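Below is final-v5.txt, holding compact mmCIF, C-alpha atoms.
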# COMPACT_ATOMS: atom_id res chain seq x y z
CA LYS A 2 -50.25 -5.43 41.03
CA ILE A 3 -49.75 -2.47 38.64
CA ILE A 4 -51.24 0.87 39.67
CA LYS A 5 -51.48 3.88 37.36
CA LEU A 6 -50.71 7.09 39.24
CA PRO A 7 -52.22 10.45 38.19
CA MET A 8 -48.83 12.22 38.03
CA LYS A 9 -46.38 11.89 35.17
CA ALA A 10 -42.63 11.43 35.32
CA PRO A 11 -40.62 14.37 33.94
CA ALA A 12 -39.69 13.89 30.29
CA GLU A 13 -37.11 16.70 29.96
CA LEU A 14 -33.44 16.38 30.77
CA ARG A 15 -32.54 16.72 34.46
CA VAL A 16 -29.32 17.64 36.26
CA VAL A 17 -28.25 15.92 39.47
CA GLU A 18 -25.90 17.99 41.66
CA GLY A 19 -25.23 16.45 45.03
CA ASN A 20 -28.63 16.02 46.69
CA THR A 21 -30.57 18.27 44.32
CA VAL A 22 -32.26 17.49 41.03
CA SER A 23 -33.20 20.35 38.72
CA GLU A 24 -34.09 21.11 35.11
CA LEU A 25 -31.33 21.44 32.58
CA SER A 26 -31.16 25.11 31.62
CA ASP A 27 -29.32 27.02 28.91
CA VAL A 28 -27.62 29.19 31.54
CA LEU A 29 -26.34 26.16 33.45
CA MET A 30 -24.97 24.56 30.31
CA ARG A 31 -23.35 27.80 29.14
CA ASP A 32 -21.61 28.24 32.51
CA ARG A 33 -20.42 24.64 32.59
CA LYS A 34 -19.13 24.87 29.04
CA ALA A 35 -17.27 28.11 29.87
CA LEU A 36 -15.75 26.53 32.97
CA GLY A 37 -14.64 23.49 31.02
CA GLN A 38 -13.09 25.42 28.14
CA GLU A 39 -11.83 28.62 29.76
CA GLY A 40 -11.59 27.96 33.51
CA PHE A 41 -12.12 30.53 36.22
CA CYS A 42 -10.18 33.11 38.16
CA VAL A 43 -11.07 34.36 41.65
CA VAL A 44 -9.66 37.77 42.58
CA VAL A 45 -9.67 38.66 46.29
CA ALA A 46 -8.94 42.28 47.24
CA THR A 47 -8.85 43.42 50.87
CA VAL A 48 -9.65 47.13 51.14
CA ASP A 49 -9.22 49.52 54.07
CA ARG A 50 -12.71 51.02 54.44
CA ARG A 51 -11.37 54.34 55.75
CA THR A 52 -8.86 55.06 52.99
CA GLY A 53 -10.16 52.97 50.08
CA LYS A 54 -6.64 51.60 49.52
CA LEU A 55 -5.73 47.94 49.24
CA HIS A 56 -4.67 46.49 52.57
CA LYS A 57 -2.32 43.95 50.94
CA SER A 58 -1.52 42.53 47.53
CA PRO A 59 -4.60 40.97 45.88
CA ASP A 60 -4.89 37.17 45.96
CA ILE A 61 -5.56 35.40 42.67
CA ILE A 62 -6.85 31.83 42.52
CA SER A 63 -7.06 30.16 39.13
CA ARG A 64 -8.43 26.77 38.05
CA GLY A 65 -8.51 25.49 34.49
CA PHE A 66 -7.18 28.80 33.16
CA VAL A 67 -3.41 29.17 33.49
CA TYR A 68 -0.91 27.59 35.84
CA LEU A 69 -0.04 30.42 38.23
CA ARG A 70 3.57 29.38 38.87
CA ASP A 71 4.38 29.39 35.15
CA ASN A 72 2.72 32.77 34.57
CA LYS A 73 4.14 34.96 37.33
CA ASP A 74 4.45 37.99 35.01
CA LEU A 75 0.80 37.71 33.95
CA MET A 76 -0.34 37.42 37.59
CA ASP A 77 1.78 40.43 38.64
CA GLN A 78 0.25 42.50 35.85
CA THR A 79 -3.23 41.26 36.82
CA ARG A 80 -2.56 42.40 40.40
CA LEU A 81 -1.74 45.89 39.07
CA ILE A 82 -5.04 45.92 37.15
CA VAL A 83 -6.85 44.85 40.33
CA ARG A 84 -5.15 47.56 42.39
CA LYS A 85 -5.97 50.27 39.85
CA SER A 86 -9.60 49.16 39.45
CA VAL A 87 -10.33 48.82 43.18
CA GLU A 88 -8.62 52.05 44.20
CA THR A 89 -10.42 53.95 41.42
CA SER A 90 -13.79 52.49 42.46
CA MET A 91 -13.11 53.09 46.16
CA ARG A 92 -11.71 56.63 45.73
CA ASP A 93 -14.39 57.91 48.15
CA PRO A 94 -14.89 54.93 50.50
CA ARG A 95 -17.96 56.43 52.21
CA ALA A 96 -19.85 56.90 48.93
CA SER A 97 -18.56 53.74 47.26
CA ASP A 98 -20.90 50.95 46.26
CA LEU A 99 -19.17 47.57 46.68
CA ASP A 100 -21.41 45.92 44.08
CA VAL A 101 -20.37 48.47 41.46
CA ALA A 102 -16.73 48.09 42.50
CA ARG A 103 -17.00 44.29 42.05
CA GLU A 104 -18.58 44.69 38.61
CA ASP A 105 -15.86 47.14 37.55
CA LEU A 106 -13.17 44.80 38.88
CA ALA A 107 -14.57 41.77 37.03
CA GLU A 108 -14.83 43.77 33.79
CA ALA A 109 -11.28 45.17 34.05
CA VAL A 110 -9.71 41.79 34.84
CA SER A 111 -11.75 39.97 32.15
CA ARG A 112 -10.76 42.52 29.51
CA PHE A 113 -7.07 42.33 30.50
CA LEU A 114 -6.96 38.52 30.55
CA LEU A 115 -8.69 38.32 27.17
CA GLN A 116 -6.13 40.70 25.66
CA ARG A 117 -3.17 38.80 27.13
CA THR A 118 -4.31 35.17 26.77
CA THR A 119 -7.21 35.18 24.25
CA LYS A 120 -9.17 33.22 26.88
CA ARG A 121 -12.33 34.29 28.69
CA PRO A 122 -12.19 32.73 32.15
CA ILE A 123 -15.09 33.32 34.49
CA VAL A 124 -13.82 36.09 36.80
CA ILE A 125 -15.20 36.03 40.33
CA PRO A 126 -14.37 39.29 42.13
CA VAL A 127 -14.29 39.37 45.94
CA ILE A 128 -13.79 42.67 47.73
CA VAL A 129 -13.41 42.45 51.49
CA SER A 130 -13.69 45.71 53.40
CA ILE A 131 -11.84 45.86 56.74

Can you turn what I pasted into structure tokens?
Amino acid sequence: KIIKLPMKAPAELRVVEGNTVSELSDVLMRDRKALGQEGFCVVVATVDRRTGKLHKSPDIISRGFVYLRDNKDLMDQTRLIVRKSVETSMRDPRASDLDVAREDLAEAVSRFLLQRTTKRPIVIPVIVSI
């Protein structure tokens, strides 16, 4: 027996990610295209909340961008950019805004990597305050 239901099936494109189904959006497609073409770079900086100085050398994780072992010089220079950006942003640790520091860090690293590699990886800044 065929029954006509009052609701309609969606006609637009859908995206299935794990257990979720959502609409296909321009933002999602732009991000996926950027990840596929340029890759991403996660920068993790651990900061001493009392002094605003880096606790240790920043960690850099890269996927689809450059092979870290073959680009040691680039990663060392990127670490210097991270150190300068974070320590400038955290000059006064009590008055510092971590969100602004993250934005500044992402901008500085993105600009540097574009100049050195002509690629625009998605830069994900992580600042951990200890």

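Computed from the coordinates, the CA of Ser63 in chain A to CA of Leu25 in chain A distance equals 26.6 Å.
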
Q | Pairwise distance for CA of Gln116 in chain A and CA of Leu75 in chain A, rounded to one decimal in Å | A |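 Calculated distance between CA of Gln116 in chain A and CA of Leu75 in chain A is 11.2 Å.
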
Q: Report the distance between CA of Ser23 in chain A and CA of Leu36 in chain A in Å, rounded to one decimal place.
A: 19.4 Å

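Between Gly37 in chain A and the candidates A:Thr89, A:Thr119, A:Gly65, A:Leu81, the tightest atom-to-atom separation, counting all atoms listed in the file, involves A:Gly65.
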
Q: Considering only C-alpha atoms, state which residue in the set A:Val44, A:Leu55, A:Ala35, A:Met30 is at the smallest distance from Ala107 in chain A.
A: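 Under the stated criterion, the closest residue is A:Val44.
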
Q. So, counting only C-alpha atoms, which residue among A:Ile82, A:Met8, A:Val45, A:Ile128 is closest to Asp98 in chain A?
A.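 Checking each of A:Ile82, A:Met8, A:Val45, A:Ile128 against Asp98 in chain A, counting only C-alpha atoms, the winner is A:Ile128.
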
Q) With all atoms listed in the file as the basis for distance, which of A:Val17, A:Ile61, A:Leu115, A:Ile3 is at the shortest distance from Lys73 in chain A? A) A:Ile61

Q: Find, counting only C-alpha atoms, the residue in A:Cys42, A:Leu99, A:Leu6, A:Ile125 that gets nearest to Val67 in chain A.
A: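 Closest to Val67 in chain A of all the choices is A:Cys42.
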
Q.
Restricting the calculation to all atoms listed in the file: of A:Ile131, A:Leu114, A:Val101, A:Thr79, which residue gets closest to Thr52 in chain A?
A. A:Ile131

Set up a box along x, y and z of the file covering all listed atoms of range 69-75 of chain A, add 3 Å on every one of the six sides, and write the centre and edge lengths in Å to one decimal, as AutoDock Vina command-line options.
--center_x 2.2 --center_y 33.7 --center_z 36.4 --size_x 10.5 --size_y 14.6 --size_z 10.9

**Q.** Spatial neighbours of Gly53 in chain A, 6 Å, only C-alpha atoms, chain gap at least 4 places, as a count of residues only
**A.** 5

Q. Got a sec: who's within 9 Å of Val124 in chain A, counting only C-alpha atoms, leaving out chain neighbours fewer than 2 positions off, as a PyMOL selection string?
A. chain A and resi 41-44+106-108+110-111+121-122+126
